[in-house]
Amino acid sequence: MKLNLGCGSKKLEGWINIDSVAEFKPDLVHDVSLPLPYSDDSIDEILAEGLLEHFDKYLRFIIFYDWIRILKVGGIITVVVPNFHKILRRYFKFHFSTFLDNIFGETMWETKKYLGHFGIHKWGYSVKTLTEFVQKFGMEIIKINKKDLSITLVARKRKHIKKELIYNIEINPTVDKKGFSRGSLSVKQAERLISSFLNSELSSR
Ligand SMILES: C[S@@+](CC[C@H](N)C(=O)[O-])C[C@H]1O[C@@H](n2cnc3c(N)ncnc32)[C@H](O)[C@@H]1O
């Protein structure tokens, strides 16, 4: 079984195409901020093209863990994200405001579907930071490719890792006036705060 997460209009034959926006007519309408409805070790391959950057520096750990959770040992994940480092360099060199779409995301996207907050980028990656992030989940990097303004990373699940390992990762929640990271919050603490936020969002609907 293969999952194409955040498929948008790029639906793939032979894959289960998943997106939060129903207008794309995916096989499954699902907001991947919530756990995917698949059991551990059940998926052969995952593609997430243009999706990971839509999750902030806390939520990305919880979401990516869920993707790896459902992947079989030996299963492959392909992640494609904007090359934030390269985009910023281009932006400062050429000053084209079109690069801002690549930085912040485009909410009225391609087929003119309004994606609202699902279209906004909340984090940025370079080859180095994407590699380091994926390796935290015990993944073996098979290939990493820089093309145009994107990074494509292909990785294999070597073994199961316990969620506790991810829970212990410390994130700097704030920066000082000079831009240096300050404070510390574990992924476990972040998960608690995020789930109480999501619960209050859901109950207010
Ligand atoms: C930049 S588009 C990429 C679409 C397609 N994968 C491609 O490469 O052309 C991002 C897609 O992710 C979807 N998306 C964003 N946040 C999501 C979420 N929380 N759950 C599921 N899909 C999400 C959006 O609806 C959108 O279709």
# chains A, B, ... in the order shown; residues from 1 in each chain; ligands from 1
$ residues_around --residues "Arg156 of chain A" --least-positions-apart "2" --cutoff "12 Å" --atoms "only C-alpha atoms" --output "JSON, numbers by chain"
{"A": [44, 45, 46, 68, 71, 72, 73, 74, 75, 76, 77, 78, 79, 134, 135, 137, 138, 139, 140, 141, 142, 143, 153, 154, 158, 159, 160]}
$ write_last_selection --atoms "N, CA and C atoms" --output "tab-separated table (two decimals), in the first residue's frame"
chain	number	residue	atom	x	y	z
A	44	ASP	N	3.89	0.47	2.54
A	44	ASP	CA	5.16	0.20	1.85
A	44	ASP	C	5.90	1.47	1.47
A	45	GLU	N	5.14	2.46	1.09
A	45	GLU	CA	5.80	3.67	0.58
A	45	GLU	C	4.95	4.91	0.84
A	46	ILE	N	5.64	6.00	1.15
A	46	ILE	CA	4.95	7.28	1.39
A	46	ILE	C	5.62	8.35	0.53
A	68	ILE	N	6.23	7.75	9.93
A	68	ILE	CA	7.21	6.67	10.09
A	68	ILE	C	6.59	5.49	10.84
A	71	LEU	N	4.83	3.25	8.40
A	71	LEU	CA	5.70	2.69	7.37
A	71	LEU	C	6.26	1.34	7.85
A	72	LYS	N	6.32	0.36	6.93
A	72	LYS	CA	6.92	-0.93	7.28
A	72	LYS	C	8.44	-0.75	7.43
A	73	VAL	N	9.07	-1.61	8.22
A	73	VAL	CA	10.54	-1.61	8.25
A	73	VAL	C	10.99	-1.99	6.83
A	74	GLY	N	11.90	-1.22	6.27
A	74	GLY	CA	12.31	-1.42	4.87
A	74	GLY	C	11.52	-0.54	3.91
A	75	GLY	N	10.45	0.08	4.42
A	75	GLY	CA	9.61	0.96	3.59
A	75	GLY	C	10.33	2.27	3.27
A	76	ILE	N	9.85	2.91	2.22
A	76	ILE	CA	10.54	4.11	1.69
A	76	ILE	C	9.64	5.34	1.84
A	77	ILE	N	10.26	6.43	2.24
A	77	ILE	CA	9.53	7.71	2.24
A	77	ILE	C	10.29	8.71	1.36
A	78	THR	N	9.54	9.42	0.55
A	78	THR	CA	10.13	10.50	-0.27
A	78	THR	C	9.51	11.80	0.18
A	79	VAL	N	10.37	12.73	0.56
A	79	VAL	CA	9.91	14.03	1.05
A	79	VAL	C	10.45	15.10	0.10
A	134	VAL	N	15.28	14.18	9.42
A	134	VAL	CA	14.84	12.81	9.06
A	134	VAL	C	15.67	11.76	9.81
A	135	GLN	N	16.95	12.05	10.02
A	135	GLN	CA	17.81	11.10	10.74
A	135	GLN	C	17.41	10.94	12.20
A	137	PHE	N	14.71	10.25	13.23
A	137	PHE	CA	13.70	9.19	13.30
A	137	PHE	C	14.32	7.83	12.96
A	138	GLY	N	15.66	7.77	12.99
A	138	GLY	CA	16.35	6.51	12.74
A	138	GLY	C	16.30	6.09	11.28
A	139	MET	N	16.04	7.04	10.39
A	139	MET	CA	15.90	6.70	8.97
A	139	MET	C	17.26	6.70	8.28
A	140	GLU	N	17.38	5.82	7.28
A	140	GLU	CA	18.60	5.78	6.47
A	140	GLU	C	18.35	6.61	5.21
A	141	ILE	N	19.21	7.60	5.01
A	141	ILE	CA	19.04	8.47	3.83
A	141	ILE	C	19.59	7.72	2.62
A	142	ILE	N	18.76	7.58	1.61
A	142	ILE	CA	19.19	6.85	0.40
A	142	ILE	C	19.65	7.83	-0.67
A	143	LYS	N	18.91	8.91	-0.79
A	143	LYS	CA	19.22	9.86	-1.87
A	143	LYS	C	18.77	11.24	-1.46
A	153	LEU	N	14.27	14.27	-0.79
A	153	LEU	CA	15.03	13.34	0.07
A	153	LEU	C	14.29	12.01	0.09
A	154	VAL	N	15.05	10.93	-0.15
A	154	VAL	CA	14.47	9.58	-0.11
A	154	VAL	C	15.14	8.84	1.04
A	158	ARG	N	14.72	1.84	8.85
A	158	ARG	CA	15.60	0.72	9.19
A	158	ARG	C	15.07	-0.09	10.35
A	159	LYS	N	14.43	0.60	11.29
A	159	LYS	CA	13.93	-0.08	12.49
A	159	LYS	C	12.82	0.77	13.10
A	160	HIS	N	12.09	0.14	14.00
A	160	HIS	CA	11.08	0.91	14.72
A	160	HIS	C	11.79	1.79	15.73
$ residues_near_ligand --ligand "ligand 1" --cutoff "6 Å" --atoms "only C-alpha atoms and all ligand atoms" --output "MDAnalysis selection string"
chainID A and resid 6:8 10 19:21 30:33 49:51 54 115 118:119
$ closest_residue --among "A:Thr107, A:Gln189, A:Asn17, A:Thr152" --to "Leu52 of chain A" --atoms "only C-alpha atoms"
A:Thr152
$ atom_distance --atom1 "atom CA of Leu88 of chain A" --atom2 "atom CA of Arg60 of chain A"
21.3 Å
$ select_by_dssp --residues "segment 120-193 of chain A" --states "strand (DSSP E)" --output "list in words"
Met139, Glu140, Ile141, Ile142, Lys143, Ile144, Asn145, Lys146, Lys147, Ser150, Ile151, Thr152, Leu153, Val154, Ala155, Arg156, Lys157, Glu170, Ile171, Thr174, Val175, Ser181, Arg182, Leu185 and Ser186 of chain A
$ write_last_selection --atoms "C-alpha atoms" --output "PDB file, in the first residue's frame"
ATOM      1  CA  MET A 139      15.899   6.705   8.971  1.00  0.00           C
ATOM      2  CA  GLU A 140      18.599   5.776   6.471  1.00  0.00           C
ATOM      3  CA  ILE A 141      19.037   8.470   3.835  1.00  0.00           C
ATOM      4  CA  ILE A 142      19.191   6.854   0.400  1.00  0.00           C
ATOM      5  CA  LYS A 143      19.224   9.857  -1.868  1.00  0.00           C
ATOM      6  CA  ILE A 144      19.117  13.600  -1.616  1.00  0.00           C
ATOM      7  CA  ASN A 145      18.662  15.741  -4.648  1.00  0.00           C
ATOM      8  CA  LYS A 146      18.654  19.514  -5.114  1.00  0.00           C
ATOM      9  CA  LYS A 147      16.753  20.611  -8.183  1.00  0.00           C
ATOM     10  CA  SER A 150      13.324  22.112  -4.145  1.00  0.00           C
ATOM     11  CA  ILE A 151      14.989  19.387  -2.152  1.00  0.00           C
ATOM     12  CA  THR A 152      13.978  15.755  -2.644  1.00  0.00           C
ATOM     13  CA  LEU A 153      15.027  13.344   0.066  1.00  0.00           C
ATOM     14  CA  VAL A 154      14.472   9.583  -0.115  1.00  0.00           C
ATOM     15  CA  ALA A 155      14.901   7.558   3.076  1.00  0.00           C
ATOM     16  CA  ARG A 156      14.351   3.989   4.267  1.00  0.00           C
ATOM     17  CA  LYS A 157      12.953   2.892   7.624  1.00  0.00           C
ATOM     18  CA  GLU A 170      14.279  19.622  22.924  1.00  0.00           C
ATOM     19  CA  ILE A 171      13.034  22.524  20.801  1.00  0.00           C
ATOM     20  CA  THR A 174      11.829  31.482  21.364  1.00  0.00           C
ATOM     21  CA  VAL A 175      14.653  33.727  20.178  1.00  0.00           C
ATOM     22  CA  SER A 181      17.515  30.509  20.342  1.00  0.00           C
ATOM     23  CA  ARG A 182      16.313  30.646  23.916  1.00  0.00           C
ATOM     24  CA  LEU A 185      10.494  22.692  25.344  1.00  0.00           C
ATOM     25  CA  SER A 186      10.410  18.943  24.768  1.00  0.00           C
TER      26      SER A 186
END
$ closest_residue --among "A:Phe92, A:Tyr125, A:Trp109, A:Tyr58" --to "Pro173 of chain A" --atoms "only C-alpha atoms"
A:Tyr58
$ residues_around --residues "Ile18 of chain A" --least-positions-apart "5" --cutoff "8 Å" --atoms "only C-alpha atoms" --output "list in words"
Leu3, Asn4, Leu5, Gly6, Cys7, Pro26, Asp27, Leu28, Val29 and His30 of chain A
$ write_last_selection --atoms "N, CA and C atoms" --output "compact mmCIF listing (two decimals), in the first residue's frame"
# COMPACT_ATOMS: atom_id res chain seq x y z
N LEU A 3 1.01 5.63 0.00
CA LEU A 3 0.24 6.84 0.32
C LEU A 3 0.90 8.06 -0.31
N ASN A 4 0.07 8.86 -0.96
CA ASN A 4 0.52 10.14 -1.50
C ASN A 4 -0.12 11.23 -0.63
N LEU A 5 0.66 11.71 0.34
CA LEU A 5 0.12 12.65 1.34
C LEU A 5 0.14 14.08 0.80
N GLY A 6 -0.94 14.81 1.03
CA GLY A 6 -1.01 16.20 0.53
C GLY A 6 -0.97 16.20 -0.99
N CYS A 7 -1.78 15.32 -1.59
CA CYS A 7 -1.70 15.09 -3.04
C CYS A 7 -2.07 16.31 -3.87
N PRO A 26 -9.59 13.77 -3.31
CA PRO A 26 -8.61 12.72 -3.00
C PRO A 26 -9.33 11.42 -2.65
N ASP A 27 -8.60 10.33 -2.57
CA ASP A 27 -9.22 9.06 -2.15
C ASP A 27 -9.65 9.15 -0.69
N LEU A 28 -8.88 9.93 0.08
CA LEU A 28 -9.21 10.11 1.50
C LEU A 28 -9.03 11.58 1.87
N VAL A 29 -10.11 12.19 2.41
CA VAL A 29 -9.99 13.56 2.90
C VAL A 29 -9.55 13.44 4.35
N HIS A 30 -8.37 13.95 4.65
CA HIS A 30 -7.85 13.79 6.01
C HIS A 30 -6.84 14.90 6.28
$ closest_residue --among "A:Lys2, A:His121, A:Lys25, A:Arg89" --to "Phe55 of chain A" --atoms "only C-alpha atoms"
A:His121
$ select_by_dssp --residues "segment 22-177 of chain A" --states "helix (DSSP H, G or I)" --output "PyMOL selection string"
chain A and resi 22-24+52-54+59-70+84-94+99-104+116-119+127-135+163-167
$ write_last_selection --atoms "C-alpha atoms" --output "compact mmCIF listing (two decimals), in the first residue's frame"
# COMPACT_ATOMS: atom_id res chain seq x y z
CA ALA A 22 -12.08 17.86 -0.38
CA GLU A 23 -12.26 19.81 -3.67
CA PHE A 24 -9.21 17.94 -4.93
CA LEU A 52 6.24 18.95 5.45
CA GLU A 53 6.89 22.70 5.28
CA HIS A 54 3.20 23.28 6.19
CA LEU A 59 4.05 19.76 15.03
CA ARG A 60 6.44 18.50 12.34
CA PHE A 61 7.96 16.07 14.86
CA ILE A 62 4.60 14.60 15.82
CA ILE A 63 3.38 14.36 12.24
CA PHE A 64 6.56 12.90 10.82
CA TYR A 65 6.63 10.33 13.62
CA ASP A 66 3.13 9.26 12.56
CA TRP A 67 4.29 8.79 8.94
CA ILE A 68 7.21 6.67 10.09
CA ARG A 69 5.00 4.75 12.53
CA ILE A 70 2.79 3.42 9.74
CA PHE A 84 14.47 27.51 1.91
CA HIS A 85 18.17 28.30 2.01
CA LYS A 86 18.41 28.63 -1.78
CA ILE A 87 15.14 30.58 -2.04
CA LEU A 88 16.35 33.13 0.52
CA ARG A 89 19.67 33.52 -1.31
CA ARG A 90 17.80 34.11 -4.59
CA TYR A 91 15.44 36.53 -2.90
CA PHE A 92 18.27 38.66 -1.54
CA LYS A 93 20.15 38.49 -4.85
CA PHE A 94 17.28 39.30 -7.24
CA PHE A 99 10.11 34.25 -4.23
CA LEU A 100 7.89 35.21 -1.30
CA ASP A 101 5.34 32.62 -2.49
CA ASN A 102 8.01 29.95 -2.09
CA ILE A 103 8.81 31.22 1.39
CA PHE A 104 5.34 31.79 2.85
CA GLY A 116 -6.60 28.82 3.55
CA HIS A 117 -4.26 27.90 6.38
CA PHE A 118 -3.47 24.59 4.64
CA GLY A 119 -1.51 26.59 2.07
CA VAL A 127 19.65 20.07 2.74
CA LYS A 128 21.44 19.97 6.10
CA THR A 129 18.44 20.62 8.33
CA LEU A 130 16.13 18.28 6.38
CA THR A 131 18.74 15.49 6.56
CA GLU A 132 19.26 16.03 10.30
CA PHE A 133 15.51 16.08 10.90
CA VAL A 134 14.84 12.81 9.06
CA GLN A 135 17.81 11.10 10.74
CA LYS A 163 7.93 7.64 20.48
CA GLU A 164 9.86 8.36 23.73
CA LEU A 165 12.95 9.00 21.61
CA ILE A 166 11.15 11.78 19.77
CA TYR A 167 9.55 13.00 23.01
$ atom_distance --atom1 "atom CA of Val187 of chain A" --atom2 "atom CA of Ile169 of chain A"
5.8 Å
$ atom_distance --atom1 "atom CA of Asn172 of chain A" --atom2 "atom CA of Leu198 of chain A"
21.4 Å
